[in-house]
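Printed here is target.txt (compact mmCIF, C-alpha atoms):
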```txt
# COMPACT_ATOMS: atom_id res chain seq x y z
CA MET A 239 -13.69 -6.18 30.07
CA SER A 240 -10.34 -4.96 28.77
CA LEU A 241 -10.03 -4.06 25.10
CA ALA A 242 -10.90 -7.04 22.92
CA PHE A 243 -11.29 -7.78 19.23
CA CYS A 244 -12.56 -10.46 16.90
CA VAL A 245 -11.99 -10.75 13.16
CA LEU A 246 -15.48 -11.66 12.01
CA ALA A 247 -14.42 -12.45 8.43
CA SER A 248 -11.34 -11.90 6.30
CA GLY A 249 -10.63 -12.51 2.64
CA SER A 250 -11.60 -11.40 -0.84
CA LYS A 251 -15.28 -12.20 -0.22
CA GLY A 252 -15.70 -9.96 2.81
CA ASN A 253 -13.87 -8.37 5.73
CA SER A 254 -15.00 -7.13 9.13
CA THR A 255 -13.55 -6.84 12.63
CA VAL A 256 -15.26 -5.88 15.88
CA ILE A 257 -13.49 -4.09 18.74
CA THR A 258 -15.19 -3.96 22.11
CA ASN A 259 -14.59 -2.84 25.68
CA GLY A 260 -17.52 -4.86 26.99
CA SER A 261 -20.08 -2.05 26.86
CA LYS A 262 -19.42 -0.29 23.55
CA ALA A 263 -18.05 -1.55 20.26
CA ILE A 264 -17.04 -0.41 16.80
CA LEU A 265 -16.61 -2.30 13.55
CA VAL A 266 -13.72 -1.89 11.18
CA ASP A 267 -15.31 -2.45 7.76
CA CYS A 268 -18.36 -4.56 6.98
CA GLY A 269 -17.90 -6.45 3.75
CA ILE A 270 -20.12 -9.33 4.82
CA THR A 271 -23.89 -9.31 5.04
CA ALA A 272 -25.51 -7.56 7.98
CA ARG A 273 -27.03 -10.88 9.01
CA GLN A 274 -23.64 -12.60 9.09
CA ALA A 275 -22.07 -9.70 10.97
CA VAL A 276 -24.76 -9.94 13.65
CA LEU A 277 -24.61 -13.73 13.89
CA ARG A 278 -20.83 -13.78 14.16
CA MET A 279 -20.75 -11.10 16.83
CA GLU A 280 -23.36 -12.98 18.83
CA ALA A 281 -21.38 -16.22 18.42
CA ARG A 282 -18.43 -14.54 20.16
CA GLY A 283 -20.46 -12.92 22.91
CA VAL A 284 -20.50 -9.38 21.50
CA ASP A 285 -23.87 -7.62 21.63
CA PRO A 286 -24.52 -6.16 18.15
CA SER A 287 -26.55 -3.33 19.69
CA SER A 288 -23.34 -2.13 21.40
CA VAL A 289 -21.86 -1.16 18.01
CA GLN A 290 -21.67 2.63 17.86
CA ALA A 291 -19.91 3.10 14.53
CA ILE A 292 -18.42 1.42 11.47
CA VAL A 293 -14.99 2.74 10.49
CA LEU A 294 -14.09 2.07 6.85
CA THR A 295 -10.55 1.53 5.59
CA HIS A 296 -11.50 1.94 1.90
CA GLU A 297 -14.34 1.53 -0.57
CA HIS A 298 -13.75 -1.88 -2.15
CA THR A 299 -16.83 -4.10 -2.08
CA ASP A 300 -15.28 -6.70 0.21
CA HIS A 301 -15.08 -3.99 2.87
CA ILE A 302 -18.41 -2.16 2.47
CA ALA A 303 -20.98 -4.64 1.10
CA GLY A 304 -22.99 -4.91 4.33
CA VAL A 305 -22.61 -1.35 5.58
CA ARG A 306 -25.90 0.16 4.38
CA VAL A 307 -28.11 -2.60 5.78
CA LEU A 308 -26.21 -2.94 9.06
CA THR A 309 -26.27 0.80 9.79
CA LYS A 310 -30.00 0.83 9.19
CA ARG A 311 -30.45 -2.19 11.47
CA LEU A 312 -28.23 -0.93 14.31
CA GLY A 313 -28.66 2.81 13.90
CA CYS A 314 -24.91 3.42 13.99
CA LYS A 315 -22.82 5.96 12.10
CA VAL A 316 -20.22 5.39 9.37
CA LEU A 317 -16.80 7.05 9.37
CA ALA A 318 -14.41 7.17 6.41
CA THR A 319 -12.09 9.43 4.45
CA ARG A 320 -13.50 11.90 1.94
CA GLY A 321 -12.01 9.79 -0.85
CA THR A 322 -13.73 6.64 0.37
CA PHE A 323 -17.11 8.34 0.60
CA SER A 324 -16.63 9.80 -2.88
CA LYS A 325 -16.58 6.26 -4.28
CA MET A 326 -19.71 5.24 -2.36
CA GLU A 327 -22.17 7.46 -4.21
CA GLY A 328 -25.62 5.92 -4.35
CA ILE A 329 -25.23 4.13 -1.01
CA ASP A 330 -27.64 5.73 1.44
CA LEU A 331 -25.82 6.48 4.71
CA PRO A 332 -27.84 8.98 6.74
CA ASP A 333 -25.26 9.35 9.53
CA LYS A 334 -21.71 9.64 8.26
CA GLU A 335 -18.58 11.54 9.25
CA ILE A 336 -15.35 12.26 7.41
CA PHE A 337 -11.97 11.74 9.06
CA ILE A 338 -8.56 12.80 7.80
CA PRO A 339 -5.56 10.45 7.62
CA GLY A 340 -2.98 11.41 10.22
CA ARG A 341 -5.48 13.05 12.55
CA SER A 342 -6.62 11.11 15.60
CA PHE A 343 -10.24 11.22 16.70
CA ASP A 344 -12.38 9.74 19.46
CA GLU A 345 -15.42 7.58 18.86
CA ALA A 346 -17.45 5.66 21.44
CA GLY A 347 -14.64 6.00 23.96
CA PHE A 348 -11.97 4.64 21.61
CA SER A 349 -9.05 6.69 20.32
CA ILE A 350 -8.72 6.05 16.58
CA ARG A 351 -5.75 7.06 14.44
CA PRO A 352 -6.00 6.56 10.68
CA PHE A 353 -2.82 6.58 8.61
CA ASP A 354 -2.00 6.53 4.91
CA ILE A 355 -1.32 3.22 3.19
CA SER A 356 -0.54 2.29 -0.42
CA HIS A 357 -3.43 0.48 -2.14
CA ASP A 358 -5.42 0.89 -5.35
CA ALA A 359 -8.31 2.70 -3.68
CA GLU A 360 -9.21 6.38 -3.53
CA GLU A 361 -7.95 7.28 -0.03
CA PRO A 362 -7.25 4.07 1.88
CA VAL A 363 -6.06 3.94 5.47
CA GLY A 364 -4.67 1.66 8.10
CA LEU A 365 -5.84 2.18 11.66
CA THR A 366 -4.85 1.99 15.26
CA ILE A 367 -7.56 1.82 17.91
CA SER A 368 -6.70 2.25 21.55
CA GLN A 369 -8.15 2.64 25.00
CA ASN A 370 -6.45 2.96 28.40
CA GLY A 371 -3.02 2.49 26.86
CA VAL A 372 -3.90 -0.72 24.97
CA LYS A 373 -3.58 -0.42 21.19
CA ILE A 374 -4.74 -2.58 18.26
CA GLY A 375 -3.27 -2.04 14.79
CA PHE A 376 -4.73 -2.82 11.37
CA ALA A 377 -2.55 -3.10 8.27
CA THR A 378 -4.36 -4.96 5.50
CA ASP A 379 -4.92 -4.16 1.83
CA LEU A 380 -1.57 -2.49 1.28
CA GLY A 381 1.10 -3.20 -1.29
CA CYS A 382 4.12 -2.05 0.68
CA THR A 383 5.18 -0.99 4.14
CA THR A 384 6.45 2.51 4.87
CA ASN A 385 7.97 4.35 7.79
CA VAL A 386 4.51 5.73 8.57
CA VAL A 387 3.04 2.22 8.74
CA ARG A 388 5.84 0.99 10.98
CA GLN A 389 5.66 4.01 13.25
CA ARG A 390 1.90 3.74 13.72
CA LEU A 391 1.99 0.01 14.45
CA ALA A 392 4.71 0.32 17.05
CA GLN A 393 3.78 -0.76 20.58
CA CYS A 394 0.51 -2.42 19.60
CA ARG A 395 -0.78 -5.17 21.87
CA GLY A 396 -2.74 -6.72 19.03
CA LEU A 397 -2.02 -6.69 15.30
CA ILE A 398 -4.10 -7.59 12.25
CA VAL A 399 -1.58 -7.83 9.40
CA GLU A 400 -2.04 -8.81 5.79
CA ALA A 401 -0.72 -12.15 4.52
CA ASN A 402 -2.42 -12.15 1.16
CA HIS A 403 -0.45 -14.50 -1.04
CA ASP A 404 2.43 -16.90 -1.40
CA PRO A 405 4.67 -15.57 -4.21
CA ALA A 406 5.25 -19.00 -5.77
CA MET A 407 1.53 -19.82 -5.77
CA LEU A 408 0.75 -16.43 -7.28
CA THR A 409 3.28 -16.95 -10.07
CA SER A 410 1.89 -20.38 -10.96
CA SER A 411 -1.76 -19.38 -10.57
CA HIS A 412 -4.35 -19.11 -13.34
CA TYR A 413 -4.54 -15.33 -12.81
CA PRO A 414 -3.89 -13.24 -15.92
CA GLU A 415 -0.56 -11.46 -15.93
CA TRP A 416 -2.11 -8.03 -15.32
CA LEU A 417 -3.74 -9.30 -12.13
CA LYS A 418 -0.52 -10.89 -10.91
CA GLN A 419 1.23 -7.59 -11.45
CA ARG A 420 -1.53 -5.73 -9.60
CA VAL A 421 -1.28 -8.03 -6.57
CA ARG A 422 2.53 -7.73 -6.49
CA SER A 423 2.57 -3.98 -7.01
CA ARG A 424 3.17 -1.31 -4.39
CA GLN A 425 -0.58 -0.64 -4.52
CA GLY A 426 -1.53 -4.28 -4.25
CA HIS A 427 -1.23 -6.72 -1.34
CA LEU A 428 1.45 -7.91 1.06
CA SER A 429 2.75 -11.45 0.64
CA ASN A 430 3.16 -13.82 3.57
CA GLN A 431 6.82 -12.91 3.79
CA GLN A 432 6.22 -9.17 3.63
CA GLY A 433 3.58 -9.37 6.34
CA ALA A 434 5.91 -11.43 8.52
CA GLU A 435 8.71 -8.92 7.98
CA LEU A 436 6.37 -6.13 9.12
CA VAL A 437 5.59 -8.07 12.30
CA ALA A 438 9.33 -8.55 12.88
CA GLU A 439 9.91 -4.82 12.47
CA VAL A 440 7.19 -3.68 14.88
CA GLY A 441 7.10 -6.65 17.25
CA HIS A 442 8.03 -6.29 20.91
CA ALA A 443 7.90 -8.26 24.15
CA ASP A 444 4.36 -7.13 25.01
CA LEU A 445 2.82 -7.97 21.64
CA ALA A 446 0.09 -10.36 22.75
CA CYS A 447 -1.46 -11.47 19.47
CA VAL A 448 -0.95 -11.30 15.70
CA VAL A 449 -3.75 -12.19 13.32
CA GLN A 450 -2.79 -12.91 9.72
CA ALA A 451 -5.56 -11.59 7.51
CA HIS A 452 -6.87 -11.23 3.96
CA LEU A 453 -5.48 -14.57 2.74
CA SER A 454 -6.25 -15.31 -0.90
CA GLU A 455 -8.26 -18.46 -1.46
CA ASN A 456 -6.46 -19.06 -4.77
CA THR A 457 -2.86 -18.06 -4.10
CA ASN A 458 -2.30 -18.88 -0.44
CA ARG A 459 -2.81 -21.49 2.25
CA PRO A 460 -3.05 -20.95 6.02
CA GLU A 461 -0.16 -23.33 6.66
CA LEU A 462 2.11 -21.33 4.34
CA ALA A 463 1.25 -18.05 6.07
CA GLU A 464 1.77 -19.66 9.47
CA LYS A 465 5.15 -21.03 8.43
CA ASP A 466 6.49 -17.66 7.34
CA LEU A 467 5.22 -15.88 10.44
CA GLY A 468 6.38 -18.74 12.65
CA GLN A 469 9.96 -18.09 11.67
CA VAL A 470 9.62 -14.57 13.06
CA ILE A 471 7.74 -15.64 16.17
CA ASP A 472 10.17 -18.44 16.98
CA GLN A 473 13.13 -16.10 16.79
CA ALA A 474 11.93 -13.10 18.75
CA LEU A 475 8.29 -13.24 19.84
CA SER A 476 7.91 -16.59 21.52
CA ASN A 477 5.13 -15.37 23.85
CA THR A 478 3.01 -13.89 21.06
CA ARG A 479 -0.14 -15.77 20.08
CA THR A 480 -0.76 -16.13 16.34
CA LEU A 481 -4.00 -16.78 14.47
CA VAL A 482 -5.04 -16.97 10.82
CA ALA A 483 -8.32 -15.22 10.07
CA SER A 484 -10.89 -17.10 8.02
CA GLN A 485 -13.49 -16.13 5.48
CA LYS A 486 -15.98 -18.65 6.84
CA GLU A 487 -15.93 -18.16 10.60
CA PRO A 488 -14.82 -15.60 13.19
CA THR A 489 -11.67 -15.84 15.24
CA ASP A 490 -11.84 -16.17 18.99
CA LEU A 491 -12.63 -13.01 20.91
CA ILE A 492 -9.08 -11.91 21.77
CA ILE A 493 -8.87 -10.04 25.07
CA LEU A 494 -5.91 -7.72 25.51
CA LYS A 495 -5.01 -6.95 29.12
```

Mind turning this structure into structure tokens?
Amino acid sequence: MSLAFCVLASGSKGNSTVITNGSKAILVDCGITARQAVLRMEARGVDPSSVQAIVLTHEHTDHIAGVRVLTKRLGCKVLATRGTFSKMEGIDLPDKEIFIPGRSFDEAGFSIRPFDISHDAEEPVGLTISQNGVKIGFATDLGCTTNVVRQRLAQCRGLIVEANHDPAMLTSSHYPEWLKQRVRSRQGHLSNQQGAELVAEVGHADLACVVQAHLSENTNRPELAEKDLGQVIDQALSNTRTLVASQKEPTDLIILK
């Protein structure tokens, strides 16, 4: 199999994505239960025992809730920044490794490059994961885009990009003002429009698939996210497949050739 990925779950209640080459796999985050992670991988034809490692983007509960149990069940290692691990004290992880943002490393045959992002966590990162010249990029849980983000996501064949909220829905929501300000801040979350703009900036003719991720259940709707991204796709990326990740069920297994 060529490089493939599936967003197992995405949203404020839990996030996880599996990347596989058919024989080995890694997870990016595991904020859902170990049982759900296993069931959702199996539902998309990915053998859970092929998972060699879990790579964490940051320490928020919706990204790490299932890590301890799943690592014990699968016997895989956990990789994260020093800052992320510093906020996970008390979570027993017998096999863990620290990586440094900006420095590429290899794991299970995949080339992984973490890069700095702006979010209200200790040392959060975005990621690119590649093999044989095919690259997947992750940019979720960030409040703004930077030159580093755009540079790292260039020439990806697959993208998972945040589309957290619709600005009008956020403004009219029941959220307290401090929370609205947090979401809008440069350490918060990208709106639908901001995520679409990022896709427009890094998109290219060989971009096969874009997955919109981390949609808020309270301040967004899939159709709103799709509309904003559709304006970008219609103009320049007509051959690019688009999907909206769900909290309740995994996406298709997306094979990148």

query = Leaving out region 457-472 of chain A and any residue of its chain fewer than 5 positions from it, which residues lie within 12 Å of it when counting all atoms listed in the file, given as number ranges by chain?
reply = A: 249-250, 399-413, 417-418, 421-422, 427-443, 445-452, 477-485

Just want the 10 Å neighbourhood of Ser288 (chain A), counted on all atoms listed in the file, with same-chain residues fewer than 4 positions away dropped. Output as a PDB file with C-alpha atoms, in the coordinates of the input.
```pdb
ATOM      1  CA  THR A 258     -15.190  -3.960  22.110  1.00  0.00           C
ATOM      2  CA  ASN A 259     -14.590  -2.840  25.680  1.00  0.00           C
ATOM      3  CA  GLY A 260     -17.520  -4.860  26.990  1.00  0.00           C
ATOM      4  CA  SER A 261     -20.080  -2.050  26.860  1.00  0.00           C
ATOM      5  CA  LYS A 262     -19.420  -0.290  23.550  1.00  0.00           C
ATOM      6  CA  ALA A 263     -18.050  -1.550  20.260  1.00  0.00           C
ATOM      7  CA  ILE A 264     -17.040  -0.410  16.800  1.00  0.00           C
ATOM      8  CA  VAL A 284     -20.500  -9.380  21.500  1.00  0.00           C
ATOM      9  CA  LEU A 312     -28.230  -0.930  14.310  1.00  0.00           C
ATOM     10  CA  CYS A 314     -24.910   3.420  13.990  1.00  0.00           C
ATOM     11  CA  ALA A 346     -17.450   5.660  21.440  1.00  0.00           C
TER      12      ALA A 346
END
```

query = Gly252 (chain A): which residues within 10 Å, counting all atoms listed in the file, same-chain residues fewer than 4 positions away excluded, as a list of chain:residue names?
reply =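 In the requested form, the answer reads A:Leu246, A:Ala247, A:Ser248, A:Asp267, A:Cys268, A:Gly269, A:Ile270, A:Thr271, A:His298, A:Thr299, A:Asp300, A:His301, A:Ile302, A:Ala303, A:Gly304, A:His452, A:Gln485, A:Lys486.
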
CA of Phe376 (chain A) to CA of Ile398 (chain A), straight-line distance in Å =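 For CA of Ile398 (chain A) relative to CA of Phe376 (chain A), the distance reads 4.9 Å.
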
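Shortest atom-to-atom contact with Thr319 (chain A) among A:Ile338, A:Leu391, A:Ile355, A:Leu453: A:Ile338, counting only C-alpha atoms.
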
request  = Calculate how many Å separate CA of Asn253 (chain A) from CA of Phe323 (chain A), rounding to one decimal.
outcome  =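 That distance, rounded to one decimal, is 17.8 Å.
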
request  = Quote the spacing between CA of Leu241 (chain A) and CA of Val387 (chain A) in Å to one decimal place.
outcome  = 21.9 Å

ask   = Using only C-alpha atoms, which of A:Leu475, A:Val256, A:Leu380, A:Met279 sits nearest His296 (chain A)?
value =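 Distance minimum relative to His296 (chain A) lands on A:Leu380.
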
Name the residues in contact with Ile374 (chain A) at a cut-off of 6 Å, using only C-alpha atoms, excluding same-chain residues fewer than 5 positions from it; report them as a PDB file with C-alpha atoms, in the frame of the given file.
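Now in around21.pdb:
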```pdb
ATOM      1  CA  THR A 366      -4.850   1.990  15.260  1.00  0.00           C
ATOM      2  CA  ILE A 367      -7.560   1.820  17.910  1.00  0.00           C
ATOM      3  CA  CYS A 394       0.510  -2.420  19.600  1.00  0.00           C
ATOM      4  CA  ARG A 395      -0.780  -5.170  21.870  1.00  0.00           C
ATOM      5  CA  GLY A 396      -2.740  -6.720  19.030  1.00  0.00           C
ATOM      6  CA  LEU A 397      -2.020  -6.690  15.300  1.00  0.00           C
TER       7      LEU A 397
END
```

remark   = Min atom-atom distance to Asp333 (chain A) from the set A:Lys315, A:Arg278, A:Lys310, A:Arg320, counting all atoms listed in the file, belongs to A:Lys315

Nearest to Val307 (chain A), chosen from A:Ala474, A:Ile492, A:Ile329, A:Ala272, with all atoms listed in the file counted in the distances =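 Of all the options, A:Ala272 lies closest to Val307 (chain A).
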
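If you count all atoms listed in the file and draw a sphere of 6 Å around (-4.5, 7.5, 8.8), the protein and nucleic acid residues inside it come out as Pro339, Gly340, Arg351, Pro352, Phe353, Asp354, Val363 and Gly364 of chain A.
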
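Remark: for Thr295 (chain A), the closest of the candidate residues A:Ala281, A:Ala275, A:Ala377, A:Lys334 is A:Ala377 (distances computed over all atoms listed in the file).
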
query = Of the candidates A:Cys382, A:Val289, A:Leu365, A:Leu277, which shows the shortest atom-to-atom distance to Ile257 (chain A), using all atoms listed in the file?
reply =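 Under the stated criterion, the closest residue is A:Val289.
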
Excluding Asn370 (chain A) and residues on its chain fewer than 4 positions from it, collect all residues at most 10 Å away from it, counting all atoms listed in the file, and give them as a PDB file with C-alpha atoms, keeping the file's coordinate frame.
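Result written to result.pdb:
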```
ATOM      1  CA  SER A 240     -10.340  -4.960  28.770  1.00  0.00           C
ATOM      2  CA  LEU A 241     -10.030  -4.060  25.100  1.00  0.00           C
ATOM      3  CA  GLY A 347     -14.640   6.000  23.960  1.00  0.00           C
ATOM      4  CA  PHE A 348     -11.970   4.640  21.610  1.00  0.00           C
ATOM      5  CA  SER A 349      -9.050   6.690  20.320  1.00  0.00           C
TER       6      SER A 349
END
```
